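Pasting query_22.txt here (compact mmCIF, C-alpha atoms and all ligand atoms):
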# COMPACT_ATOMS: atom_id res chain seq x y z
CA MET A 1 9.35 -7.91 36.82
CA GLU A 2 7.81 -11.31 36.46
CA ILE A 3 8.57 -13.50 39.48
CA ILE A 4 8.46 -17.23 38.75
CA ARG A 5 8.68 -19.87 41.41
CA ALA A 6 11.13 -22.74 40.99
CA GLN A 7 9.99 -25.88 39.17
CA ARG A 8 10.29 -27.88 42.38
CA LEU A 9 7.49 -25.79 43.86
CA GLN A 10 5.43 -25.89 40.71
CA LYS A 11 5.49 -29.69 40.95
CA LEU A 12 3.98 -29.67 44.45
CA PRO A 13 0.26 -29.81 45.18
CA PRO A 14 -1.03 -27.13 47.59
CA TYR A 15 -0.47 -28.25 51.19
CA LEU A 16 -3.63 -30.24 52.00
CA PHE A 17 -4.40 -28.76 55.39
CA LYS A 18 -3.78 -25.19 54.31
CA GLU A 19 -6.56 -25.69 51.75
CA ILE A 20 -8.90 -27.31 54.30
CA ASP A 21 -8.29 -24.47 56.78
CA ARG A 22 -9.23 -22.02 54.04
CA LEU A 23 -12.56 -23.77 53.30
CA ARG A 24 -13.31 -23.99 57.04
CA ASP A 25 -12.65 -20.27 57.56
CA GLU A 26 -14.84 -19.44 54.56
CA VAL A 27 -17.83 -21.35 55.99
CA ARG A 28 -17.16 -20.04 59.50
CA SER A 29 -17.18 -16.45 58.22
CA GLN A 30 -20.79 -17.06 57.14
CA GLY A 31 -21.62 -17.52 60.83
CA VAL A 32 -21.78 -21.34 60.85
CA ASP A 33 -20.90 -23.08 64.16
CA ILE A 34 -18.09 -25.29 62.91
CA ILE A 35 -17.13 -28.65 64.45
CA ASP A 36 -13.54 -29.12 63.33
CA LEU A 37 -12.53 -32.76 62.91
CA GLY A 38 -10.00 -31.83 60.23
CA VAL A 39 -6.39 -31.24 61.18
CA GLY A 40 -4.73 -33.63 63.66
CA ASP A 41 -3.84 -31.10 66.33
CA PRO A 42 -4.59 -32.06 69.97
CA ASP A 43 -7.10 -29.74 71.66
CA GLN A 44 -5.69 -30.40 75.15
CA PRO A 45 -2.93 -28.29 76.78
CA THR A 46 0.67 -29.38 77.31
CA PRO A 47 1.11 -30.99 80.78
CA ALA A 48 1.70 -28.36 83.53
CA ASN A 49 5.08 -29.80 84.63
CA VAL A 50 6.43 -29.28 81.09
CA ILE A 51 5.20 -25.67 80.91
CA LYS A 52 6.71 -24.94 84.31
CA ARG A 53 10.06 -26.34 83.21
CA LEU A 54 10.03 -24.19 80.08
CA ASN A 55 9.38 -21.07 82.15
CA GLU A 56 12.33 -21.84 84.41
CA ALA A 57 14.61 -22.74 81.53
CA ALA A 58 13.64 -19.68 79.49
CA ALA A 59 14.60 -17.44 82.42
CA ASP A 60 18.10 -18.96 82.48
CA PRO A 61 20.39 -16.90 80.20
CA SER A 62 22.50 -19.96 79.38
CA THR A 63 19.64 -21.16 77.15
CA HIS A 64 19.59 -17.91 75.14
CA LYS A 65 22.56 -18.72 72.93
CA TYR A 66 22.60 -20.72 69.71
CA PRO A 67 21.81 -24.35 70.51
CA ALA A 68 24.15 -27.18 69.49
CA TYR A 69 23.40 -28.21 65.88
CA SER A 70 22.52 -31.81 66.65
CA GLY A 71 20.76 -30.97 69.89
CA MET A 72 21.62 -30.77 73.58
CA ASN A 73 23.56 -33.76 74.83
CA ARG A 74 21.18 -34.00 77.77
CA PHE A 75 18.12 -34.10 75.53
CA ARG A 76 19.63 -36.73 73.25
CA ALA A 77 20.61 -38.86 76.27
CA SER A 78 17.07 -38.47 77.57
CA ALA A 79 15.59 -39.56 74.22
CA ALA A 80 17.93 -42.58 74.14
CA ALA A 81 16.95 -43.55 77.69
CA TRP A 82 13.29 -43.21 76.73
CA TYR A 83 13.81 -45.59 73.74
CA LYS A 84 15.49 -48.06 76.09
CA ARG A 85 12.63 -47.91 78.61
CA ARG A 86 9.84 -47.94 76.08
CA PHE A 87 11.19 -50.24 73.34
CA ASP A 88 14.32 -51.86 74.83
CA VAL A 89 16.37 -50.34 72.00
CA ASP A 90 20.00 -49.39 72.77
CA LEU A 91 21.19 -46.11 71.25
CA VAL A 92 24.43 -44.13 71.49
CA PRO A 93 23.12 -40.57 72.06
CA GLU A 94 26.10 -38.80 70.42
CA LYS A 95 25.85 -40.72 67.14
CA GLU A 96 22.44 -42.32 66.92
CA VAL A 97 20.12 -39.56 68.17
CA ILE A 98 19.49 -36.06 66.77
CA THR A 99 17.15 -33.33 68.01
CA LEU A 100 14.65 -31.98 65.49
CA ILE A 101 12.53 -28.84 65.30
CA GLY A 102 9.50 -31.12 65.14
CA SER A 103 9.62 -34.39 63.23
CA LYS A 104 8.13 -32.74 60.12
CA GLU A 105 11.33 -30.73 59.87
CA GLY A 106 13.48 -33.86 59.99
CA LEU A 107 11.30 -35.82 57.56
CA ALA A 108 11.37 -32.90 55.13
CA HIS A 109 15.15 -32.49 55.27
CA PHE A 110 16.11 -36.17 55.27
CA PRO A 111 15.89 -36.75 51.47
CA LEU A 112 18.28 -33.83 50.89
CA ALA A 113 20.95 -35.96 52.54
CA PHE A 114 20.45 -39.16 50.56
CA VAL A 115 18.42 -38.59 47.38
CA ASN A 116 20.07 -37.65 44.11
CA PRO A 117 18.04 -36.22 41.21
CA GLY A 118 15.94 -39.01 39.71
CA ASP A 119 16.30 -41.38 42.66
CA VAL A 120 13.19 -43.35 43.56
CA VAL A 121 11.59 -42.97 47.00
CA LEU A 122 8.87 -45.48 47.86
CA VAL A 123 6.14 -43.62 49.71
CA PRO A 124 2.87 -44.93 51.11
CA SER A 125 -0.38 -43.59 49.72
CA PRO A 126 -2.60 -42.33 51.32
CA ALA A 127 -0.05 -40.64 53.59
CA TYR A 128 1.10 -37.61 55.51
CA PRO A 129 1.93 -35.29 52.59
CA VAL A 130 5.50 -34.49 53.67
CA TYR A 131 7.07 -37.74 52.37
CA ASN A 132 5.96 -36.99 48.84
CA SER A 133 6.77 -33.27 48.82
CA SER A 134 10.19 -33.63 50.46
CA THR A 135 11.13 -36.24 47.86
CA ILE A 136 10.16 -33.84 45.08
CA MET A 137 12.03 -30.94 46.68
CA ALA A 138 15.15 -33.11 46.78
CA GLY A 139 14.74 -33.89 43.07
CA GLY A 140 13.67 -37.47 43.72
CA VAL A 141 10.81 -39.41 42.20
CA PRO A 142 8.11 -40.60 44.61
CA VAL A 143 6.66 -44.01 43.72
CA GLU A 144 3.46 -44.77 45.59
CA MET A 145 2.79 -47.93 47.55
CA PRO A 146 -1.01 -48.14 47.84
CA LEU A 147 -2.40 -48.80 51.32
CA THR A 148 -5.75 -50.52 50.95
CA LYS A 149 -8.18 -52.38 53.12
CA ASP A 150 -7.22 -55.62 51.36
CA ASN A 151 -3.58 -55.35 52.42
CA GLY A 152 -4.40 -54.18 55.94
CA PHE A 153 -3.13 -50.69 54.98
CA LEU A 154 0.43 -52.08 54.90
CA PRO A 155 2.64 -51.78 51.79
CA ASP A 156 2.48 -54.99 49.78
CA LEU A 157 6.23 -55.63 49.46
CA ALA A 158 5.73 -58.52 47.04
CA ALA A 159 3.78 -56.21 44.71
CA ILE A 160 6.67 -53.76 44.30
CA ASP A 161 8.16 -54.15 40.85
CA PRO A 162 11.67 -55.68 41.31
CA ALA A 163 13.30 -53.06 39.04
CA THR A 164 11.68 -50.26 41.06
CA ALA A 165 12.81 -51.92 44.28
CA LYS A 166 16.39 -52.09 42.97
CA ALA A 167 16.24 -48.43 41.93
CA ALA A 168 14.74 -47.22 45.21
CA LYS A 169 16.93 -45.31 47.65
CA ILE A 170 14.42 -44.88 50.49
CA MET A 171 11.16 -46.40 51.66
CA VAL A 172 8.93 -44.51 54.07
CA VAL A 173 6.59 -46.26 56.49
CA ASN A 174 4.38 -44.76 59.20
CA TYR A 175 2.81 -46.89 61.94
CA PRO A 176 0.56 -46.33 63.79
CA ASN A 177 -0.60 -44.77 60.54
CA ASN A 178 -1.94 -41.39 59.62
CA PRO A 179 -4.52 -41.28 58.02
CA THR A 180 -5.72 -44.93 58.09
CA ALA A 181 -5.00 -45.61 61.82
CA ALA A 182 -3.54 -49.02 60.82
CA VAL A 183 -0.80 -50.61 62.92
CA ALA A 184 2.20 -52.77 62.00
CA ASP A 185 3.23 -56.00 63.69
CA ALA A 186 6.69 -57.52 64.22
CA ASP A 187 6.26 -59.83 61.26
CA PHE A 188 5.74 -56.93 58.85
CA TYR A 189 8.76 -55.08 60.24
CA GLN A 190 10.90 -58.22 59.91
CA ARG A 191 9.89 -58.65 56.27
CA LEU A 192 10.62 -54.95 55.74
CA VAL A 193 14.19 -55.31 57.06
CA GLU A 194 14.77 -58.29 54.77
CA PHE A 195 13.37 -56.39 51.78
CA ALA A 196 15.49 -53.34 52.59
CA LEU A 197 18.69 -55.40 52.94
CA ALA A 198 17.99 -57.33 49.73
CA ASN A 199 17.49 -54.11 47.75
CA SER A 200 19.80 -51.67 49.62
CA ILE A 201 16.94 -49.41 50.63
CA ILE A 202 17.03 -46.98 53.55
CA VAL A 203 13.94 -47.34 55.75
CA VAL A 204 12.44 -44.16 57.15
CA SER A 205 9.95 -44.93 59.92
CA ASP A 206 7.66 -42.15 61.08
CA ALA A 207 6.67 -43.11 64.62
CA ALA A 208 4.73 -40.01 65.69
CA TYR A 209 1.84 -42.04 67.12
CA THR A 210 3.45 -44.88 69.09
CA GLU A 211 2.14 -43.50 72.40
CA MET A 212 -1.38 -42.77 71.23
CA ALA A 213 -2.91 -46.23 71.49
CA PHE A 214 -5.96 -47.74 73.16
CA ASP A 215 -7.40 -50.79 74.88
CA GLY A 216 -3.98 -51.72 76.27
CA TYR A 217 -2.36 -52.00 72.83
CA LYS A 218 1.37 -51.03 72.78
CA PRO A 219 2.65 -50.10 69.31
CA LEU A 220 6.11 -51.32 68.29
CA SER A 221 9.07 -49.28 67.14
CA PHE A 222 10.60 -50.32 63.81
CA MET A 223 13.97 -50.03 65.58
CA GLN A 224 13.08 -53.06 67.75
CA THR A 225 13.35 -55.27 64.68
CA PRO A 226 16.58 -57.30 64.36
CA GLY A 227 18.62 -55.63 61.58
CA ALA A 228 16.72 -52.33 61.72
CA MET A 229 19.78 -50.39 62.92
CA GLU A 230 21.57 -51.39 59.73
CA VAL A 231 18.94 -49.94 57.38
CA GLY A 232 16.77 -47.54 59.30
CA ILE A 233 16.08 -44.22 60.91
CA GLU A 234 12.98 -43.51 62.99
CA PHE A 235 11.38 -40.10 63.50
CA HIS A 236 9.74 -39.38 66.78
CA SER A 237 7.83 -36.40 68.04
CA LEU A 238 6.69 -34.94 71.33
CA SER A 239 3.81 -33.24 69.48
CA LYS A 240 1.06 -35.82 69.81
CA THR A 241 2.32 -37.66 72.91
CA TYR A 242 2.48 -34.57 75.13
CA ASN A 243 0.19 -32.12 73.30
CA MET A 244 3.22 -30.11 72.18
CA THR A 245 2.51 -29.44 68.50
CA GLY A 246 3.25 -25.73 68.86
CA TRP A 247 6.57 -26.24 70.63
CA ARG A 248 8.33 -27.82 67.66
CA LEU A 249 10.33 -30.59 69.23
CA GLY A 250 11.08 -34.06 67.92
CA PHE A 251 14.04 -36.35 67.39
CA ALA A 252 15.33 -39.03 65.07
CA VAL A 253 17.15 -42.21 66.09
CA GLY A 254 18.82 -45.00 64.20
CA ASN A 255 21.78 -45.86 62.01
CA ALA A 256 24.64 -43.43 62.75
CA GLU A 257 25.34 -42.79 59.06
CA LEU A 258 21.68 -41.87 58.43
CA VAL A 259 21.46 -39.67 61.53
CA GLY A 260 24.78 -38.09 60.56
CA GLY A 261 23.64 -37.27 57.02
CA LEU A 262 20.53 -35.57 58.33
CA GLY A 263 22.68 -33.67 60.81
CA GLN A 264 24.95 -32.46 58.01
CA VAL A 265 21.96 -31.03 56.08
CA LYS A 266 20.51 -29.43 59.18
CA SER A 267 23.79 -27.76 60.12
CA GLN A 268 23.63 -25.90 56.79
CA ILE A 269 19.99 -24.87 57.18
CA ASP A 270 18.91 -24.39 60.79
CA SER A 271 20.61 -23.81 64.10
CA GLY A 272 18.74 -26.28 66.25
CA ALA A 273 15.83 -26.26 68.68
CA PHE A 274 15.73 -23.67 71.52
CA ASP A 275 17.60 -25.17 74.50
CA ALA A 276 14.79 -24.17 76.88
CA VAL A 277 12.35 -26.19 74.74
CA GLN A 278 14.72 -29.18 74.82
CA ILE A 279 14.99 -28.88 78.62
CA ALA A 280 11.20 -28.88 78.83
CA GLY A 281 11.26 -31.88 76.48
CA ILE A 282 13.46 -33.76 78.96
CA GLU A 283 10.83 -33.05 81.60
CA ALA A 284 8.15 -34.40 79.25
CA LEU A 285 10.09 -37.63 78.60
CA GLU A 286 11.31 -38.20 82.16
CA GLY A 287 8.71 -36.54 84.40
CA ASP A 288 5.27 -37.68 85.53
CA GLN A 289 3.70 -39.74 82.70
CA SER A 290 0.16 -39.77 84.09
CA SER A 291 -0.98 -37.33 81.38
CA LEU A 292 -0.55 -40.17 78.88
CA ASP A 293 -3.17 -42.31 80.60
CA ASP A 294 -5.52 -39.30 80.66
CA MET A 295 -4.86 -38.67 76.95
CA ARG A 296 -5.55 -42.31 76.04
CA ALA A 297 -8.73 -42.42 78.14
CA LEU A 298 -9.97 -39.18 76.58
CA TYR A 299 -9.48 -40.35 72.98
CA THR A 300 -10.92 -43.77 73.75
CA LYS A 301 -14.20 -42.17 74.85
CA ARG A 302 -14.33 -39.87 71.83
CA ARG A 303 -13.44 -42.74 69.50
CA ASP A 304 -16.22 -44.89 70.89
CA VAL A 305 -18.82 -42.12 70.56
CA LEU A 306 -17.77 -41.33 66.99
CA VAL A 307 -17.30 -44.87 65.65
CA GLU A 308 -20.43 -46.28 67.25
CA GLY A 309 -22.36 -43.25 65.98
CA LEU A 310 -21.02 -43.63 62.43
CA GLN A 311 -21.79 -47.34 62.46
CA GLY A 312 -25.31 -46.46 63.64
CA LEU A 313 -25.64 -44.26 60.57
CA GLY A 314 -24.80 -47.30 58.44
CA LEU A 315 -21.24 -46.33 57.59
CA GLU A 316 -18.43 -48.88 57.23
CA VAL A 317 -15.83 -48.03 59.88
CA GLU A 318 -13.83 -49.78 62.61
CA LYS A 319 -12.52 -48.68 65.99
CA PRO A 320 -8.84 -47.80 65.60
CA LYS A 321 -6.29 -49.38 67.96
CA ALA A 322 -4.08 -46.28 67.77
CA THR A 323 -3.84 -42.64 66.58
CA PHE A 324 -6.57 -40.04 67.00
CA TYR A 325 -7.97 -40.66 63.53
CA VAL A 326 -10.98 -42.57 62.32
CA TRP A 327 -10.75 -43.77 58.71
CA CYS A 328 -14.29 -44.12 57.48
CA ALA A 329 -15.55 -45.42 54.13
CA THR A 330 -17.90 -42.96 52.42
CA PRO A 331 -21.54 -43.91 51.88
CA LYS A 332 -21.91 -46.22 48.88
CA GLY A 333 -20.84 -44.68 45.62
CA MET A 334 -19.90 -41.28 47.06
CA LYS A 335 -16.54 -39.65 46.35
CA SER A 336 -14.44 -38.42 49.28
CA ALA A 337 -14.74 -34.81 48.13
CA ASP A 338 -18.52 -34.97 47.79
CA PHE A 339 -18.93 -36.44 51.26
CA THR A 340 -16.62 -33.90 52.94
CA LYS A 341 -18.37 -31.06 51.10
CA ARG A 342 -21.77 -32.24 52.29
CA LEU A 343 -20.49 -32.64 55.84
CA LEU A 344 -19.20 -29.07 55.75
CA SER A 345 -22.05 -27.31 53.97
CA GLU A 346 -25.00 -29.25 55.48
CA CYS A 347 -23.60 -30.09 58.95
CA GLY A 348 -20.81 -27.57 59.59
CA ILE A 349 -18.39 -30.47 60.16
CA VAL A 350 -14.81 -30.26 58.89
CA THR A 351 -13.23 -33.58 57.86
CA THR A 352 -10.41 -34.47 55.50
CA PRO A 353 -11.15 -36.17 52.17
CA GLY A 354 -9.27 -39.47 51.98
CA ASN A 355 -8.07 -38.87 48.44
CA GLY A 356 -6.35 -35.67 49.65
CA PHE A 357 -3.74 -38.02 51.17
CA GLY A 358 -3.30 -39.84 47.85
CA ALA A 359 -5.48 -41.52 45.22
CA PRO A 360 -5.88 -44.87 47.03
CA GLY A 361 -7.60 -42.90 49.83
CA GLU A 362 -10.54 -42.21 47.51
CA SER A 363 -13.92 -43.17 49.00
CA TYR A 364 -12.71 -42.57 52.56
CA VAL A 365 -12.81 -39.59 54.87
CA ARG A 366 -10.63 -39.01 57.91
CA PHE A 367 -12.17 -37.77 61.15
CA ALA A 368 -9.77 -36.44 63.83
CA LEU A 369 -10.80 -36.98 67.45
CA THR A 370 -10.05 -33.38 68.36
CA VAL A 371 -13.32 -32.26 70.00
CA ASP A 372 -14.84 -33.43 73.28
CA LYS A 373 -17.42 -36.22 73.35
CA THR A 374 -20.37 -33.85 73.78
CA ARG A 375 -19.35 -31.98 70.62
CA MET A 376 -18.74 -35.32 68.93
CA ALA A 377 -22.29 -36.40 69.80
CA GLU A 378 -23.53 -33.07 68.42
CA ALA A 379 -21.67 -33.79 65.16
CA LEU A 380 -23.38 -37.18 64.89
CA GLU A 381 -26.77 -35.60 65.62
CA ARG A 382 -26.18 -33.18 62.76
CA MET A 383 -25.18 -36.05 60.45
CA LYS A 384 -28.51 -37.81 60.96
CA LYS A 385 -30.21 -35.27 58.73
CA LEU A 386 -27.94 -36.26 55.83
CA GLU A 387 -30.06 -39.42 55.47
CA LEU A 388 -27.17 -41.50 54.19
C1 LIG A 401 1.61 -35.03 63.40
C2 LIG A 401 2.50 -35.89 62.59
C3 LIG A 401 3.88 -35.75 62.69
C4 LIG A 401 4.50 -34.85 63.73
O1 LIG A 401 4.83 -33.64 63.32
P1 LIG A 401 5.71 -32.68 64.22
O2 LIG A 401 6.47 -31.93 63.20
O3 LIG A 401 6.61 -33.49 65.10
O4 LIG A 401 4.75 -31.83 64.98
C5 LIG A 401 4.69 -36.58 61.95
N1 LIG A 401 4.16 -37.52 61.16
C6 LIG A 401 2.84 -37.71 61.07
C7 LIG A 401 2.31 -38.80 60.23
C8 LIG A 401 1.97 -36.88 61.77
O5 LIG A 401 0.66 -37.06 61.63
Encoding of this model in structure tokens:
Amino acid sequence: MEIIRAQRLQKLPPYLFKEIDRLRDEVRSQGVDIIDLGVGDPDQPTPANVIKRLNEAAADPSTHKYPAYSGMNRFRASAAAWYKRRFDVDLVPEKEVITLIGSKEGLAHFPLAFVNPGDVVLVPSPAYPVYNSSTIMAGGVPVEMPLTKDNGFLPDLAAIDPATAKAAKIMVVNYPNNPTAAVADADFYQRLVEFALANSIIVVSDAAYTEMAFDGYKPLSFMQTPGAMEVGIEFHSLSKTYNMTGWRLGFAVGNAELVGGLGQVKSQIDSGAFDAVQIAGIEALEGDQSSLDDMRALYTKRRDVLVEGLQGLGLEVEKPKATFYVWCATPKGMKSADFTKRLLSECGIVTTPGNGFGAPGESYVRFALTVDKTRMAEALERMKKLEL
């Protein structure tokens, strides 16, 4: 029997990081000592108080049953209280907050609730690949908004064709941004609300990196913007903030109708996040926050070693204010893929080619700050022999 995958899968590119992992493993199997600055996965452990809470909660049989579809009331109340403390945003936990099995899960399911076949979704490019693929899986049509150095890696709202804007159902934004490390200010968010209201567009804000910021900078939430609750939903994650990528816990907040639509899809597909993980998540959000200062200090040091080193090699790159990514222009005239290949084959360094996140990322590479500063210095030492 010939088994043929559905057209929606045939339309998707291979998942970027799966492909990069494969190349890394291939080089590693030849005995090369690999320095992995590829995937954005924190190398530090989850804080001890959170692990302890999981152990206790997992031993309690009341957590062993099916969770509530939209999440534990206590977790949702905790997430709402955190938004109030951190951003001064008021949320009704029962209607305006939903637990997710990681924010990727929520971002991937969201278009199923609001996109009809042929509907336009405005997605940034370069970007986290999920916005594009989830649009395609819902039968929608992704239309790219290029993020370039000239526009500060923010979508140029005035450059969006008015007919496309009228046809668009959703716009996705992500600040602090992966992969460019750009940040958004209140003025951009205000213009975004006005644009969304004028064109009846739902705003999806991916806020995975609001807590990973340096030099005293405090990223904003889109939901702080006047009018945002009318048009928007924001996806948040414990993954990067508390080194919990493996735990699969996130949440979305915002307009009750948008949160409700996502909840309806999820109730047909999954049965929620493990209650013990949500209880540990409450501990993460409400317990001792000193791990955040440690995390920020750690990435600041690594960032400084990497960026100053790259600048010393003559590369065009700036210190990011937020995220654990460094978005670096390739040496003059070199394609992203050629530079990442040379870094891997001649230096044993894994990076991500900028164009892998979308065509406007061509001539950039993304470095993730996921190794300690000694290893980072070793990576730079190896790069010297490239003679860029
Ligand atoms: C890491 C990341 C996420 C978070 O994913 P989880 O599913 O919550 O682990 C979301 N968006 C972006 C842009 C990311 O880089």
Show me a table, sorted first by chain and then by increasing residue number, of the residues of chain A having an atom at most 10 Å from ligand LIG 401 (chain A), each with its shortest atom pair and the distance in Å to one decimal, counting all atoms listed in the file and written as JSON lines.
{"residue": "A:Val39", "atom": "CA", "partner": "A:LIG401", "partner_atom": "C1", "distance": 9.1}
{"residue": "A:Gly40", "atom": "CA", "partner": "A:LIG401", "partner_atom": "C1", "distance": 6.5}
{"residue": "A:Asp41", "atom": "CA", "partner": "A:LIG401", "partner_atom": "C1", "distance": 7.3}
{"residue": "A:Pro42", "atom": "CA", "partner": "A:LIG401", "partner_atom": "C1", "distance": 9.5}
{"residue": "A:Leu100", "atom": "CA", "partner": "A:LIG401", "partner_atom": "O3", "distance": 8.2}
{"residue": "A:Ile101", "atom": "CA", "partner": "A:LIG401", "partner_atom": "O2", "distance": 7.1}
{"residue": "A:Gly102", "atom": "CA", "partner": "A:LIG401", "partner_atom": "O2", "distance": 3.7}
{"residue": "A:Ser103", "atom": "CA", "partner": "A:LIG401", "partner_atom": "O3", "distance": 3.7}
{"residue": "A:Lys104", "atom": "CA", "partner": "A:LIG401", "partner_atom": "O2", "distance": 3.6}
{"residue": "A:Glu105", "atom": "CA", "partner": "A:LIG401", "partner_atom": "O2", "distance": 6.0}
{"residue": "A:Gly106", "atom": "CA", "partner": "A:LIG401", "partner_atom": "O2", "distance": 7.9}
{"residue": "A:Leu107", "atom": "CA", "partner": "A:LIG401", "partner_atom": "C5", "distance": 8.0}
{"residue": "A:Ala108", "atom": "CA", "partner": "A:LIG401", "partner_atom": "O2", "distance": 9.5}
{"residue": "A:Ala127", "atom": "CA", "partner": "A:LIG401", "partner_atom": "C7", "distance": 7.3}
{"residue": "A:Tyr128", "atom": "CA", "partner": "A:LIG401", "partner_atom": "C7", "distance": 5.0}
{"residue": "A:Pro129", "atom": "CA", "partner": "A:LIG401", "partner_atom": "C7", "distance": 8.4}
{"residue": "A:Val130", "atom": "CA", "partner": "A:LIG401", "partner_atom": "N1", "distance": 8.2}
{"residue": "A:Tyr131", "atom": "CA", "partner": "A:LIG401", "partner_atom": "C7", "distance": 9.2}
{"residue": "A:Val173", "atom": "CA", "partner": "A:LIG401", "partner_atom": "C7", "distance": 9.4}
{"residue": "A:Asn174", "atom": "CA", "partner": "A:LIG401", "partner_atom": "C7", "distance": 6.4}
{"residue": "A:Tyr175", "atom": "CA", "partner": "A:LIG401", "partner_atom": "C7", "distance": 8.3}
{"residue": "A:Pro176", "atom": "CA", "partner": "A:LIG401", "partner_atom": "C7", "distance": 8.5}
{"residue": "A:Asn177", "atom": "CA", "partner": "A:LIG401", "partner_atom": "C7", "distance": 6.6}
{"residue": "A:Asn178", "atom": "CA", "partner": "A:LIG401", "partner_atom": "C7", "distance": 5.0}
{"residue": "A:Pro179", "atom": "CA", "partner": "A:LIG401", "partner_atom": "O5", "distance": 7.6}
{"residue": "A:Ser205", "atom": "CA", "partner": "A:LIG401", "partner_atom": "N1", "distance": 9.5}
{"residue": "A:Asp206", "atom": "CA", "partner": "A:LIG401", "partner_atom": "N1", "distance": 5.8}
{"residue": "A:Ala207", "atom": "CA", "partner": "A:LIG401", "partner_atom": "N1", "distance": 7.0}
{"residue": "A:Ala208", "atom": "CA", "partner": "A:LIG401", "partner_atom": "C5", "distance": 5.1}
{"residue": "A:Tyr209", "atom": "CA", "partner": "A:LIG401", "partner_atom": "C8", "distance": 7.4}
{"residue": "A:Phe235", "atom": "CA", "partner": "A:LIG401", "partner_atom": "C5", "distance": 7.7}
{"residue": "A:His236", "atom": "CA", "partner": "A:LIG401", "partner_atom": "O3", "distance": 6.9}
{"residue": "A:Ser237", "atom": "CA", "partner": "A:LIG401", "partner_atom": "O3", "distance": 4.3}
{"residue": "A:Leu238", "atom": "CA", "partner": "A:LIG401", "partner_atom": "O3", "distance": 6.4}
{"residue": "A:Ser239", "atom": "CA", "partner": "A:LIG401", "partner_atom": "O4", "distance": 4.8}
{"residue": "A:Lys240", "atom": "CA", "partner": "A:LIG401", "partner_atom": "C1", "distance": 6.5}
{"residue": "A:Thr241", "atom": "CA", "partner": "A:LIG401", "partner_atom": "O3", "distance": 9.8}
{"residue": "A:Asn243", "atom": "CA", "partner": "A:LIG401", "partner_atom": "O4", "distance": 9.5}
{"residue": "A:Met244", "atom": "CA", "partner": "A:LIG401", "partner_atom": "O4", "distance": 7.6}
{"residue": "A:Thr245", "atom": "CA", "partner": "A:LIG401", "partner_atom": "O4", "distance": 4.8}
{"residue": "A:Gly246", "atom": "CA", "partner": "A:LIG401", "partner_atom": "O4", "distance": 7.4}
{"residue": "A:Trp247", "atom": "CA", "partner": "A:LIG401", "partner_atom": "O4", "distance": 8.2}
{"residue": "A:Arg248", "atom": "CA", "partner": "A:LIG401", "partner_atom": "O4", "distance": 6.0}
{"residue": "A:Leu249", "atom": "CA", "partner": "A:LIG401", "partner_atom": "O3", "distance": 6.3}
{"residue": "A:Gly250", "atom": "CA", "partner": "A:LIG401", "partner_atom": "O3", "distance": 5.3}
{"residue": "A:Phe251", "atom": "CA", "partner": "A:LIG401", "partner_atom": "O3", "distance": 8.3}
{"residue": "A:Thr323", "atom": "CA", "partner": "A:LIG401", "partner_atom": "O5", "distance": 8.7}
{"residue": "A:Phe324", "atom": "CA", "partner": "A:LIG401", "partner_atom": "O5", "distance": 9.5}
{"residue": "A:Tyr325", "atom": "CA", "partner": "A:LIG401", "partner_atom": "O5", "distance": 9.5}
Go through segment 46-130 of chain A residue by residue and, counting all atoms listed in the file, keep those with an atom at most 9 Å from segment 137-146 of chain A; for each kept residue give the shortest atom pair and its distance in Å to one decimal, ordered by chain and increasing number, as JSON lines.
{"residue": "A:Ala108", "atom": "CA", "partner": "A:Met137", "partner_atom": "CA", "distance": 8.7}
{"residue": "A:His109", "atom": "CA", "partner": "A:Ala138", "partner_atom": "CA", "distance": 8.5}
{"residue": "A:Pro111", "atom": "CA", "partner": "A:Ala138", "partner_atom": "CA", "distance": 6.0}
{"residue": "A:Leu112", "atom": "CA", "partner": "A:Ala138", "partner_atom": "CA", "distance": 5.2}
{"residue": "A:Ala113", "atom": "CA", "partner": "A:Ala138", "partner_atom": "CA", "distance": 8.7}
{"residue": "A:Phe114", "atom": "CA", "partner": "A:Ala138", "partner_atom": "CA", "distance": 8.9}
{"residue": "A:Val115", "atom": "CA", "partner": "A:Gly140", "partner_atom": "CA", "distance": 6.1}
{"residue": "A:Asn116", "atom": "CA", "partner": "A:Gly140", "partner_atom": "CA", "distance": 6.4}
{"residue": "A:Pro117", "atom": "CA", "partner": "A:Gly139", "partner_atom": "CA", "distance": 4.4}
{"residue": "A:Gly118", "atom": "CA", "partner": "A:Gly140", "partner_atom": "CA", "distance": 4.9}
{"residue": "A:Asp119", "atom": "CA", "partner": "A:Gly140", "partner_atom": "CA", "distance": 4.8}
{"residue": "A:Val120", "atom": "CA", "partner": "A:Val141", "partner_atom": "CA", "distance": 4.8}
{"residue": "A:Val121", "atom": "CA", "partner": "A:Pro142", "partner_atom": "CA", "distance": 4.8}
{"residue": "A:Leu122", "atom": "CA", "partner": "A:Val143", "partner_atom": "CA", "distance": 4.9}
{"residue": "A:Val123", "atom": "CA", "partner": "A:Glu144", "partner_atom": "CA", "distance": 5.0}
{"residue": "A:Pro124", "atom": "CA", "partner": "A:Met145", "partner_atom": "CA", "distance": 4.7}
{"residue": "A:Ser125", "atom": "CA", "partner": "A:Pro146", "partner_atom": "CA", "distance": 5.0}
{"residue": "A:Pro126", "atom": "CA", "partner": "A:Pro146", "partner_atom": "CA", "distance": 7.0}
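With all atoms listed in the file as the atoms that count, the residue of A:Lys166, A:Arg296, A:Arg342, A:Lys218 with the shortest distance to Leu369 of chain A is A:Arg296.
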Nearest to Asp187 of chain A, chosen from A:Ile20, A:Ala167, A:Leu9, A:Leu220, with only C-alpha atoms counted in the distances: A:Leu220
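Among the candidates A:Gln278, A:Ser271, A:Ser363, A:Ser336, the one nearest to Tyr66 of chain A when counting all atoms listed in the file is A:Ser271.
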